[in-house]
file coords-v8.csv (CSV, C-alpha atoms and all ligand atoms)
chain,number,residue,atom,x,y,z
A,29,MET,CA,0.0,0.0,0.0
A,30,SER,CA,1.4,3.4,-0.9
A,31,LEU,CA,0.0,6.8,-1.8
A,32,ALA,CA,0.0,7.5,-5.5
A,33,PHE,CA,-1.3,11.0,-5.5
A,34,ILE,CA,-2.0,13.9,-3.1
A,35,SER,CA,-3.5,17.3,-3.7
A,36,LEU,CA,-3.9,19.9,-1.1
A,37,GLU,CA,-5.3,23.4,-0.6
A,38,ALA,CA,-4.5,26.0,2.1
A,39,VAL,CA,-2.1,24.0,4.1
A,40,ARG,CA,0.2,26.5,5.9
A,41,CYS,CA,2.2,28.4,3.3
A,42,LEU,CA,1.0,26.1,0.5
A,43,GLU,CA,-1.9,27.7,-1.4
A,44,ASN,CA,-2.4,24.5,-3.5
A,45,ALA,CA,-0.2,21.7,-4.7
A,46,GLU,CA,-0.4,18.3,-6.4
A,47,LEU,CA,2.1,15.6,-6.1
A,48,ALA,CA,2.2,12.3,-8.1
A,49,LEU,CA,4.3,10.2,-5.7
A,50,HIS,CA,6.5,7.3,-6.5
A,51,PRO,CA,5.8,4.0,-4.6
A,52,GLU,CA,9.4,4.1,-3.3
A,53,ARG,CA,11.8,7.0,-2.7
A,54,ASN,CA,10.5,10.6,-3.1
A,55,LEU,CA,12.6,13.6,-2.3
A,56,VAL,CA,11.2,17.1,-1.6
A,57,TRP,CA,13.9,19.7,-1.5
A,58,GLY,CA,14.0,23.5,-1.2
A,59,PRO,CA,15.2,26.3,1.1
A,60,ASN,CA,14.2,27.0,4.7
A,61,GLY,CA,10.6,28.1,5.0
A,62,SER,CA,9.6,27.0,1.5
A,63,GLY,CA,7.0,24.5,2.6
A,64,LYS,CA,8.7,21.1,2.7
A,65,THR,CA,7.5,20.1,6.2
A,66,SER,CA,4.0,21.4,5.3
A,67,ILE,CA,3.9,18.8,2.5
A,68,LEU,CA,4.7,16.1,5.0
A,69,GLU,CA,2.1,17.6,7.3
A,70,ALA,CA,-0.6,17.3,4.6
A,71,LEU,CA,0.4,13.6,4.0
A,72,PHE,CA,0.3,12.9,7.7
A,73,LEU,CA,-3.1,14.6,8.0
A,74,LEU,CA,-4.5,12.3,5.4
A,75,GLY,CA,-3.4,9.1,7.2
A,76,ARG,CA,-3.9,10.3,10.8
A,77,GLY,CA,-6.5,13.0,10.8
A,78,ARG,CA,-4.1,15.3,12.7
A,79,SER,CA,-0.8,17.0,12.4
A,80,PHE,CA,2.5,15.9,13.9
A,81,ARG,CA,3.5,19.5,14.5
A,82,THR,CA,0.5,20.7,16.5
A,83,ARG,CA,-2.5,19.4,18.3
A,84,ASN,CA,-4.5,22.2,17.0
A,85,THR,CA,-5.3,21.5,13.3
A,86,GLU,CA,-6.6,25.1,12.9
A,87,ARG,CA,-3.0,26.3,13.0
A,88,VAL,CA,-2.3,24.3,9.9
A,89,ILE,CA,-5.0,26.1,7.9
A,90,ARG,CA,-3.4,28.8,5.7
A,91,GLN,CA,-3.8,32.3,7.3
A,92,GLY,CA,-6.7,34.2,5.9
A,93,LYS,CA,-8.4,31.0,4.6
A,94,PRO,CA,-11.5,29.4,6.2
A,95,GLN,CA,-10.5,25.8,5.6
A,96,LEU,CA,-7.9,23.4,4.3
A,97,THR,CA,-8.5,20.3,2.2
A,98,VAL,CA,-6.3,17.4,1.4
A,99,PHE,CA,-7.2,14.7,-1.1
A,100,GLY,CA,-5.3,11.5,-1.9
A,101,ARG,CA,-5.4,8.3,-3.8
A,102,THR,CA,-3.7,5.1,-2.7
A,103,ALA,CA,-2.3,2.5,-5.1
A,104,ALA,CA,-3.0,-1.2,-5.0
A,105,PRO,CA,-5.8,-1.3,-3.8
A,106,GLU,CA,-6.9,2.0,-5.2
A,107,THR,CA,-8.9,4.0,-2.7
A,108,THR,CA,-9.6,7.7,-2.5
A,109,LEU,CA,-9.4,9.6,0.8
A,110,GLY,CA,-10.1,13.2,1.7
A,111,LEU,CA,-10.0,15.4,4.7
A,112,GLN,CA,-11.3,18.9,5.4
A,113,ALA,CA,-10.6,21.1,8.4
A,114,VAL,CA,-12.7,24.2,8.8
A,115,ARG,CA,-12.0,26.9,11.4
A,116,GLY,CA,-14.2,26.5,14.4
A,117,SER,CA,-15.5,23.1,13.5
A,118,ALA,CA,-14.5,19.4,13.7
A,119,THR,CA,-12.3,17.9,11.0
A,120,VAL,CA,-14.2,15.6,8.7
A,121,ALA,CA,-12.9,12.9,6.4
A,122,LYS,CA,-14.0,10.6,3.6
A,123,VAL,CA,-12.8,7.2,2.5
A,124,GLY,CA,-14.0,6.0,-0.9
A,125,GLY,CA,-16.4,8.9,-1.1
A,126,ALA,CA,-18.2,8.2,2.2
A,127,PHE,CA,-17.8,10.1,5.4
A,128,VAL,CA,-16.0,8.2,8.2
A,129,SER,CA,-17.4,8.1,11.7
A,130,SER,CA,-13.9,8.2,13.2
A,131,LEU,CA,-10.7,9.8,11.8
A,132,ALA,CA,-9.0,6.5,12.8
A,133,GLU,CA,-10.5,4.9,9.8
A,134,LEU,CA,-8.1,6.9,7.6
A,135,SER,CA,-5.3,5.0,9.2
A,136,GLN,CA,-6.5,1.7,7.9
A,137,VAL,CA,-6.5,3.0,4.3
A,138,PHE,CA,-3.3,5.0,4.5
A,139,PRO,CA,-0.9,3.9,7.3
A,140,VAL,CA,1.7,6.6,7.7
A,141,GLN,CA,4.5,7.3,10.2
A,142,VAL,CA,6.9,10.3,10.6
A,143,ILE,CA,10.4,10.8,11.8
A,144,ASP,CA,11.1,14.5,12.2
A,145,PRO,CA,13.6,16.6,14.2
A,146,GLY,CA,11.3,16.5,17.2
A,147,VAL,CA,11.2,12.7,17.3
A,148,HIS,CA,13.3,12.6,20.5
A,149,LYS,CA,10.2,13.9,22.3
A,150,LEU,CA,8.9,10.3,22.2
A,151,VAL,CA,11.6,9.5,24.7
A,152,GLU,CA,11.9,12.8,26.6
A,153,GLU,CA,8.3,14.0,27.0
A,154,GLY,CA,5.3,12.6,28.9
A,155,SER,CA,3.6,9.3,28.4
A,156,ALA,CA,0.8,10.5,26.0
A,157,ARG,CA,3.2,10.3,23.0
A,158,ARG,CA,4.3,6.8,23.9
A,159,ARG,CA,0.7,5.6,24.3
A,160,ARG,CA,-0.1,7.0,20.8
A,161,TRP,CA,3.0,5.2,19.5
A,162,MET,CA,1.9,1.9,21.0
A,163,ASP,CA,-1.7,2.3,19.9
A,164,TRP,CA,-0.9,3.1,16.3
A,165,ALA,CA,0.7,-0.3,15.8
A,166,VAL,CA,-1.8,-2.3,17.9
A,167,PHE,CA,-4.5,-0.7,15.8
A,168,HIS,CA,-3.0,-2.2,12.6
A,169,VAL,CA,-2.6,-5.6,14.3
A,170,GLU,CA,-5.9,-6.1,16.1
A,171,HIS,CA,-9.0,-5.2,14.3
A,172,GLY,CA,-11.3,-4.7,17.3
A,173,PHE,CA,-8.8,-2.4,19.0
A,174,VAL,CA,-10.3,0.9,17.9
A,175,ASP,CA,-13.7,0.0,19.2
A,176,VAL,CA,-12.5,-1.1,22.6
A,177,TRP,CA,-10.2,2.0,22.8
A,178,SER,CA,-13.2,4.4,22.0
A,179,ARG,CA,-15.6,2.6,24.4
A,180,TYR,CA,-13.0,2.6,27.2
A,181,HIS,CA,-12.4,6.4,26.8
A,182,ARG,CA,-16.1,7.1,26.7
A,183,ALA,CA,-16.6,5.2,29.9
A,184,LEU,CA,-13.6,6.9,31.5
A,185,ARG,CA,-15.1,10.4,30.6
A,186,GLN,CA,-18.4,9.4,32.2
A,187,ARG,CA,-16.7,8.1,35.3
A,188,ASN,CA,-14.6,11.3,35.6
A,189,ALA,CA,-17.7,13.4,35.1
A,190,ALA,CA,-19.5,11.5,37.8
A,191,LEU,CA,-16.5,11.9,40.2
A,192,ARG,CA,-16.9,15.7,39.9
A,193,ALA,CA,-20.7,15.9,39.9
A,194,GLU,CA,-21.9,13.0,42.0
A,195,PRO,CA,-19.0,10.9,43.4
A,196,GLY,CA,-21.4,8.3,44.8
A,197,GLN,CA,-22.4,7.4,41.2
A,198,ALA,CA,-18.8,6.9,39.9
A,199,PRO,CA,-18.4,3.2,41.0
A,200,ALA,CA,-21.4,2.3,38.7
A,201,TRP,CA,-18.9,2.7,35.8
A,202,ASP,CA,-16.3,0.5,37.3
A,203,PRO,CA,-17.3,-3.0,35.9
A,204,GLU,CA,-17.5,-1.7,32.3
A,205,LEU,CA,-14.4,0.4,32.7
A,206,ALA,CA,-12.5,-2.5,34.1
A,207,GLN,CA,-13.6,-5.0,31.5
A,208,LEU,CA,-12.7,-2.6,28.6
A,209,GLY,CA,-9.5,-1.4,30.3
A,210,GLU,CA,-8.2,-5.0,30.8
A,211,ALA,CA,-8.9,-5.8,27.2
A,212,LEU,CA,-7.1,-2.6,26.0
A,213,ALA,CA,-4.1,-3.3,28.2
A,214,GLU,CA,-3.9,-6.9,27.0
A,215,SER,CA,-3.8,-5.8,23.4
A,216,ARG,CA,-1.0,-3.4,24.1
A,217,ARG,CA,0.9,-6.1,26.0
A,218,ARG,CA,0.6,-8.5,23.1
A,219,GLY,CA,1.7,-5.8,20.7
A,220,LEU,CA,4.8,-5.0,22.7
A,221,ASP,CA,5.6,-8.7,23.2
A,222,GLN,CA,5.5,-9.1,19.4
A,223,LEU,CA,7.7,-6.0,18.9
A,224,GLN,CA,10.5,-7.1,21.2
A,225,PRO,CA,12.7,-9.0,18.6
A,226,TYR,CA,12.3,-6.1,16.1
A,227,TRP,CA,13.1,-3.7,18.9
A,228,ARG,CA,16.3,-5.5,19.8
A,229,GLU,CA,17.4,-5.7,16.2
A,230,ALA,CA,16.7,-2.0,15.6
A,231,THR,CA,18.5,-0.8,18.7
A,232,HIS,CA,21.5,-3.0,17.9
A,233,ALA,CA,21.7,-1.8,14.3
A,234,LEU,CA,21.3,1.9,15.2
A,235,MET,CA,23.1,2.1,18.5
A,236,GLY,CA,25.0,-1.1,18.9
A,237,ARG,CA,23.6,-1.8,22.3
A,238,ASP,CA,20.6,-3.1,24.3
A,239,VAL,CA,17.9,-0.6,25.4
A,240,GLU,CA,15.2,-2.1,27.6
A,241,LEU,CA,11.6,-1.4,26.6
A,242,LEU,CA,9.2,-2.3,29.4
A,243,TYR,CA,5.5,-2.1,29.4
A,244,SER,CA,3.6,-0.4,32.3
A,245,GLN,CA,-0.1,-1.1,32.1
A,246,GLY,CA,-1.3,1.9,34.1
A,247,TRP,CA,-2.2,0.3,37.4
A,248,ALA,CA,-0.5,-2.0,39.9
A,249,ARG,CA,0.7,-5.2,38.3
A,250,ASP,CA,-0.5,-7.5,41.0
A,251,SER,CA,-4.0,-6.2,41.0
A,252,THR,CA,-7.0,-6.5,38.6
A,253,LEU,CA,-8.2,-3.2,37.2
A,254,LEU,CA,-11.5,-3.5,39.1
A,255,GLY,CA,-9.5,-3.9,42.3
A,256,ALA,CA,-7.3,-1.0,41.5
A,257,LEU,CA,-10.4,1.2,40.7
A,258,HIS,CA,-11.8,0.2,44.1
A,259,ALA,CA,-8.6,0.9,45.9
A,260,SER,CA,-8.2,4.4,44.4
A,261,ARG,CA,-11.8,5.6,45.0
A,262,THR,CA,-11.0,8.0,47.8
A,263,ARG,CA,-8.2,9.6,45.9
A,264,ASP,CA,-10.3,9.7,42.7
A,265,SER,CA,-13.2,11.5,44.4
A,266,ALA,CA,-10.8,13.9,46.1
A,267,ARG,CA,-9.2,14.9,42.7
A,268,GLY,CA,-12.1,14.3,40.4
A,269,VAL,CA,-10.1,12.0,38.1
A,270,THR,CA,-9.5,8.3,37.7
A,271,HIS,CA,-6.0,7.4,38.7
A,272,ALA,CA,-5.9,3.7,37.6
A,273,GLY,CA,-6.2,2.4,34.1
A,274,PRO,CA,-4.7,2.1,30.7
A,275,HIS,CA,-5.0,5.8,30.1
A,276,ARG,CA,-2.0,5.9,32.5
A,277,ALA,CA,0.0,3.3,30.6
A,278,ASP,CA,3.5,3.9,29.5
A,279,VAL,CA,6.6,2.2,28.1
A,280,HIS,CA,9.8,2.6,30.1
A,281,LEU,CA,13.0,2.9,28.2
A,282,ARG,CA,16.1,2.0,30.1
A,283,LEU,CA,19.8,2.3,29.3
A,284,ASP,CA,21.9,0.2,31.8
A,285,GLY,CA,18.9,0.0,34.1
A,286,LEU,CA,18.4,3.8,34.2
A,287,PRO,CA,15.6,5.9,32.5
A,288,ALA,CA,16.7,7.0,29.0
A,289,ARG,CA,15.0,10.3,29.4
A,290,GLU,CA,17.4,11.1,32.3
A,291,VAL,CA,20.6,9.5,31.1
A,292,ALA,CA,20.6,9.5,27.3
A,293,SER,CA,22.0,12.4,25.3
A,294,ARG,CA,19.8,14.2,22.8
A,295,GLY,CA,21.4,12.2,20.0
A,296,GLN,CA,20.8,8.9,21.8
A,297,GLN,CA,17.2,9.9,22.6
A,298,LYS,CA,16.7,10.5,18.9
A,299,LEU,CA,18.2,7.1,18.0
A,300,ILE,CA,16.0,5.4,20.6
A,301,ALA,CA,12.9,7.1,19.2
A,302,VAL,CA,13.9,6.2,15.7
A,303,ALA,CA,14.3,2.6,16.8
A,304,MET,CA,10.8,2.7,18.3
A,305,ILE,CA,9.4,3.8,15.0
A,306,LEU,CA,11.4,1.6,12.6
A,307,SER,CA,10.9,-1.5,14.7
A,308,GLN,CA,7.2,-1.1,14.5
A,309,LEU,CA,7.3,-0.6,10.7
A,310,ASP,CA,9.5,-3.7,10.5
A,311,MET,CA,7.1,-5.8,12.6
A,312,LEU,CA,4.0,-4.6,10.6
A,313,ARG,CA,5.7,-5.4,7.3
A,314,GLU,CA,7.0,-8.8,8.3
A,315,ARG,CA,4.2,-10.2,10.4
A,316,PHE,CA,1.2,-8.4,9.2
A,317,ALA,CA,2.0,-7.5,5.6
A,318,THR,CA,1.2,-3.8,6.3
A,319,VAL,CA,3.7,-1.5,4.7
A,320,PRO,CA,3.2,2.0,5.9
A,321,THR,CA,4.5,5.2,4.2
A,322,LEU,CA,7.4,6.8,6.1
A,323,LEU,CA,7.9,10.5,6.1
A,324,LEU,CA,11.4,11.8,6.9
A,325,ASP,CA,11.7,15.4,7.7
A,326,ASP,CA,15.3,16.6,7.6
A,327,PRO,CA,16.5,13.1,8.6
A,328,ALA,CA,20.2,14.1,8.8
A,329,ALA,CA,19.6,16.6,11.6
A,330,GLU,CA,21.6,15.9,14.7
A,331,LEU,CA,23.0,12.5,13.6
A,332,ASP,CA,26.8,12.1,13.1
A,333,SER,CA,27.8,10.2,10.0
A,334,PRO,CA,28.2,6.7,11.3
A,335,HIS,CA,24.8,6.9,13.0
A,336,LEU,CA,23.3,8.5,9.9
A,337,ALA,CA,24.7,5.6,7.7
A,338,ALA,CA,23.1,3.1,10.1
A,339,PHE,CA,19.8,5.0,10.0
A,340,ILE,CA,19.8,5.1,6.2
A,341,GLU,CA,20.5,1.4,6.0
A,342,GLN,CA,17.7,0.5,8.4
A,343,VAL,CA,15.2,2.8,6.6
A,344,LEU,CA,16.0,1.4,3.1
A,345,ARG,CA,15.8,-2.1,4.4
A,346,LEU,CA,12.1,-1.6,5.1
A,347,LYS,CA,11.3,-1.1,1.4
A,348,CYS,CA,8.4,1.1,2.2
A,349,GLN,CA,7.3,4.3,0.4
A,350,LEU,CA,9.5,7.2,1.6
A,351,VAL,CA,8.9,10.9,1.4
A,352,SER,CA,12.0,12.7,2.6
A,353,THR,CA,12.7,16.5,2.8
A,354,SER,CA,16.1,18.1,2.3
A,355,LEU,CA,17.7,21.5,1.9
A,356,SER,CA,19.8,20.0,-0.8
A,357,PRO,CA,18.9,18.3,-4.1
A,358,HIS,CA,21.6,15.7,-3.4
A,359,PRO,CA,21.1,14.6,0.2
A,360,ALA,CA,23.2,11.9,1.8
A,361,MET,CA,19.9,10.1,2.4
A,362,PHE,CA,19.3,8.8,-1.1
A,363,SER,CA,21.9,8.6,-3.8
A,364,ALA,CA,19.2,8.2,-6.4
A,365,PRO,CA,15.7,9.2,-5.4
A,366,ASP,CA,12.9,7.8,-7.7
A,367,ARG,CA,11.1,11.1,-7.8
A,368,VAL,CA,12.1,14.6,-6.9
A,369,PHE,CA,10.0,17.7,-6.1
A,370,HIS,CA,11.3,21.2,-5.7
A,371,VAL,CA,9.5,23.6,-3.4
A,372,GLU,CA,10.0,27.3,-3.3
A,373,GLN,CA,7.9,29.9,-1.6
A,374,GLY,CA,5.0,27.5,-1.2
A,375,ARG,CA,5.0,26.3,-4.8
A,376,VAL,CA,5.8,22.7,-5.6
A,377,ARG,CA,6.9,21.3,-9.0
A,378,PRO,CA,8.3,18.0,-10.1
A,379,VAL,CA,11.9,18.0,-11.2
A,401,LIG,N1,-1.1,28.8,9.0
A,401,LIG,C1,-0.2,29.3,8.2
A,401,LIG,N2,-0.5,30.0,7.1
A,401,LIG,C2,0.4,30.5,6.3
A,401,LIG,N3,1.7,30.3,6.4
A,401,LIG,C3,2.1,29.6,7.4
A,401,LIG,C4,1.2,29.0,8.4
A,401,LIG,N4,1.9,28.3,9.3
A,401,LIG,C5,3.2,28.4,8.9
A,401,LIG,N5,3.3,29.2,7.8
A,401,LIG,C6,4.5,29.5,7.1
A,401,LIG,O1,5.0,28.4,6.3
A,401,LIG,C7,6.4,28.4,6.3
A,401,LIG,C8,6.9,27.1,6.9
A,401,LIG,O2,6.8,26.2,6.0
A,401,LIG,P1,7.6,24.8,6.3
A,401,LIG,O3,6.8,23.7,5.6
A,401,LIG,O4,7.8,24.7,7.8
A,401,LIG,O5,9.0,25.1,5.6
A,401,LIG,P2,10.2,24.2,5.4
A,401,LIG,O6,9.9,22.9,6.0
A,401,LIG,O7,10.5,24.1,4.0
A,401,LIG,O8,11.3,24.9,6.2
A,401,LIG,C9,6.9,29.5,7.1
A,401,LIG,O9,7.3,30.6,6.3
A,401,LIG,C10,5.7,29.9,8.0
A,401,LIG,O10,5.8,31.2,8.3
A,402,MG,MG,10.9,22.0,7.6
call {"tool": "encode", "arguments": {"input": "coords-v8.csv", "output": "structure tokens"}}
result
Amino acid sequence: MSLAFISLEAVRCLENAELALHPERNLVWGPNGSGKTSILEALFLLGRGRSFRTRNTERVIRQGKPQLTVFGRTAAPETTLGLQAVRGSATVAKVGGAFVSSLAELSQVFPVQVIDPGVHKLVEEGSARRRRWMDWAVFHVEHGFVDVWSRYHRALRQRNAALRAEPGQAPAWDPELAQLGEALAESRRRGLDQLQPYWREATHALMGRDVELLYSQGWARDSTLLGALHASRTRDSARGVTHAGPHRADVHLRLDGLPAREVASRGQQKLIAVAMILSQLDMLRERFATVPTLLLDDPAAELDSPHLAAFIEQVLRLKCQLVSTSLSPHPAMFSAPDRVFHVEQGRVRPV
């Protein structure tokens, strides 16, 4: 599966653009501020329904315009997909001409992942990014996952609302929350277990060493979720939030037994984050025949040449569709890209 074509309108500095993509290596080059990352942002929006640069999609809409639109077509099987974000309203999307009920449906048609200069945040920042990272892969592996995920979060919102309005009613949500939460946590556990061999390979190839990746389910390991919800009732009522459950899950990354976010250098954090992403892509390709598109924004940033060489080798090994940006028409990343686009002042043209 790859994206054959994308057209976009009013995405950041890009007024409109059309790109006929190659199924393998695409290069987008141009000077700083020309709109390269914005093209990747449009591609990511199409597969994820959100940007990788901001949580607020409105920021991506071109200044002075009421809305942005992105349209795409995948190859083999051919499917059309489209997304529209209008200022002040919810983002809507279509797959095969029909509106989707959840933006997560885009992901099934166009799986896409990104490695950008902010990728180290996956290691350094809070657990929400790592949960999204886990869930994206599990979503592609287990078909019922999105449904369980949405029902869990709906029940959680209701329990939290009850905790604030009428704490006595909150326990009424516990059995449902516990059942969905245990299922969600089990899916994540299976996903991470399956990932481990790919993770070991990626960390060894990129860093030449072991990095531990440990799953933390979001409540005490020796307790059921129902038990944990019961045990934290007093605290939950006092704070008006639910403290136990998979919404608190995380993956702990450890170097020599110590948290990577504390002991790893920025460069090492970047390599660990890259290993997280590449190992997932490797697993999806090998075990589930899903070959996502990988967006690489300025991939050479902050990597010295031996690490960059290892990174390039690992990326090319995946044999997935690549869309990479660069300031130069001849980046170290690809000696021979299959298709080249030049961007200047928000205008894109094939070379
Ligand atoms: N919502 C917006 N509307 C119009 N222009 C924007 C918007 N957001 C960012 N920009 C402009 O887009 C340009 C950034 O494009 P970007 O894709 O990041 O460039 P590149 O990756 O080539 O350096 C900047 O000049 C920025 O000021
Ligand atoms: Mg950029």
call {"tool": "residues_around", "arguments": {"input": "coords-v8.csv", "residues": "range 58-74 of chain A", "least_positions_apart": "5", "cutoff": "9 Å", "atoms": "all atoms listed in the file", "output": "JSON, numbers by chain"}}
result
{"A": [31, 34, 35, 36, 39, 40, 41, 42, 45, 79, 80, 81, 85, 88, 97, 98, 99, 100, 109, 110, 111, 121, 134, 135, 138, 140, 141, 142, 144, 323, 324, 325, 326, 351, 352, 353, 354, 355, 356, 357, 369, 370, 371, 372, 373, 374, 375, 376]}
call {"tool": "write_last_selection", "arguments": {"input": "coords-v8.csv", "atoms": "C-alpha atoms", "output": "JSON list (two decimals), keeping the file's coordinate frame"}}
result
[["chain", "number", "residue", "atom", "x", "y", "z"],
["A", 31, "LEU", "CA", 0.00, 6.80, -1.80],
["A", 34, "ILE", "CA", -2.00, 13.90, -3.10],
["A", 35, "SER", "CA", -3.50, 17.30, -3.70],
["A", 36, "LEU", "CA", -3.90, 19.90, -1.10],
["A", 39, "VAL", "CA", -2.10, 24.00, 4.10],
["A", 40, "ARG", "CA", 0.20, 26.50, 5.90],
["A", 41, "CYS", "CA", 2.20, 28.40, 3.30],
["A", 42, "LEU", "CA", 1.00, 26.10, 0.50],
["A", 45, "ALA", "CA", -0.20, 21.70, -4.70],
["A", 79, "SER", "CA", -0.80, 17.00, 12.40],
["A", 80, "PHE", "CA", 2.50, 15.90, 13.90],
["A", 81, "ARG", "CA", 3.50, 19.50, 14.50],
["A", 85, "THR", "CA", -5.30, 21.50, 13.30],
["A", 88, "VAL", "CA", -2.30, 24.30, 9.90],
["A", 97, "THR", "CA", -8.50, 20.30, 2.20],
["A", 98, "VAL", "CA", -6.30, 17.40, 1.40],
["A", 99, "PHE", "CA", -7.20, 14.70, -1.10],
["A", 100, "GLY", "CA", -5.30, 11.50, -1.90],
["A", 109, "LEU", "CA", -9.40, 9.60, 0.80],
["A", 110, "GLY", "CA", -10.10, 13.20, 1.70],
["A", 111, "LEU", "CA", -10.00, 15.40, 4.70],
["A", 121, "ALA", "CA", -12.90, 12.90, 6.40],
["A", 134, "LEU", "CA", -8.10, 6.90, 7.60],
["A", 135, "SER", "CA", -5.30, 5.00, 9.20],
["A", 138, "PHE", "CA", -3.30, 5.00, 4.50],
["A", 140, "VAL", "CA", 1.70, 6.60, 7.70],
["A", 141, "GLN", "CA", 4.50, 7.30, 10.20],
["A", 142, "VAL", "CA", 6.90, 10.30, 10.60],
["A", 144, "ASP", "CA", 11.10, 14.50, 12.20],
["A", 323, "LEU", "CA", 7.90, 10.50, 6.10],
["A", 324, "LEU", "CA", 11.40, 11.80, 6.90],
["A", 325, "ASP", "CA", 11.70, 15.40, 7.70],
["A", 326, "ASP", "CA", 15.30, 16.60, 7.60],
["A", 351, "VAL", "CA", 8.90, 10.90, 1.40],
["A", 352, "SER", "CA", 12.00, 12.70, 2.60],
["A", 353, "THR", "CA", 12.70, 16.50, 2.80],
["A", 354, "SER", "CA", 16.10, 18.10, 2.30],
["A", 355, "LEU", "CA", 17.70, 21.50, 1.90],
["A", 356, "SER", "CA", 19.80, 20.00, -0.80],
["A", 357, "PRO", "CA", 18.90, 18.30, -4.10],
["A", 369, "PHE", "CA", 10.00, 17.70, -6.10],
["A", 370, "HIS", "CA", 11.30, 21.20, -5.70],
["A", 371, "VAL", "CA", 9.50, 23.60, -3.40],
["A", 372, "GLU", "CA", 10.00, 27.30, -3.30],
["A", 373, "GLN", "CA", 7.90, 29.90, -1.60],
["A", 374, "GLY", "CA", 5.00, 27.50, -1.20],
["A", 375, "ARG", "CA", 5.00, 26.30, -4.80],
["A", 376, "VAL", "CA", 5.80, 22.70, -5.60]]
call {"tool": "closest_residue", "arguments": {"input": "coords-v8.csv", "among": "A:Ala272, A:Ile89, A:Leu223, A:Leu283", "to": "Asp310 in chain A", "atoms": "only C-alpha atoms"}}
result
A:Leu223
call {"tool": "atom_distance", "arguments": {"input": "coords-v8.csv", "atom1": "CA of Arg159 in chain A", "atom2": "CA of Leu299 in chain A"}}
result
18.7 Å
call {"tool": "residues_around", "arguments": {"input": "coords-v8.csv", "residues": "range 257-262 of chain A", "least_positions_apart": "3", "cutoff": "7 Å", "atoms": "all atoms listed in the file", "output": "compact mmCIF listing (two decimals) with C-alpha atoms, in the coordinates of the input"}}
result
# COMPACT_ATOMS: atom_id res chain seq x y z
CA ASP A 202 -16.30 0.50 37.30
CA LEU A 253 -8.20 -3.20 37.20
CA LEU A 254 -11.50 -3.50 39.10
CA SER A 265 -13.20 11.50 44.40
CA ALA A 266 -10.80 13.90 46.10
CA HIS A 271 -6.00 7.40 38.70
CA ALA A 272 -5.90 3.70 37.60
call {"tool": "residues_around", "arguments": {"input": "coords-v8.csv", "residues": "Gln95 in chain A", "least_positions_apart": "3", "cutoff": "8 Å", "atoms": "only C-alpha atoms", "output": "list in words"}}
result
Ala38, Ile89, Arg90, Gln112, Ala113, Val114 and Arg115 of chain A
call {"tool": "residues_around", "arguments": {"input": "coords-v8.csv", "residues": "range 230-233 of chain A", "least_positions_apart": "3", "cutoff": "10 Å", "atoms": "only C-alpha atoms", "output": "VMD selection string"}}
result
chain A and resid 224 to 227 236 to 240 299 to 308 310 335 338 to 339 341 to 342
call {"tool": "closest_residue", "arguments": {"input": "coords-v8.csv", "among": "A:Thr107, A:Asn84, A:Asn54, A:Thr102", "to": "ligand LIG 401 (chain A)", "atoms": "all atoms listed in the file"}}
result
A:Asn84
call {"tool": "residues_around", "arguments": {"input": "coords-v8.csv", "residues": "Ala256 in chain A", "least_positions_apart": "4", "cutoff": "12 Å", "atoms": "all atoms listed in the file", "output": "PyMOL selection string"}}
result
chain A and resi 199+202-203+205-206+209-210+245-252+260-264+270-274
call {"tool": "atom_distance", "arguments": {"input": "coords-v8.csv", "atom1": "CA of Leu350 in chain A", "atom2": "CA of Leu322 in chain A"}}
result
5.0 Å
call {"tool": "axis_aligned_box", "arguments": {"input": "coords-v8.csv", "around": "range 133-136 of chain A", "padding_each_side": "6 Å", "output": "lines of an AutoDock Vina configuration file"}}
result
center_x = -7.9
center_y = 4.3
center_z = 8.7
size_x = 17.2
size_y = 17.2
size_z = 14.2
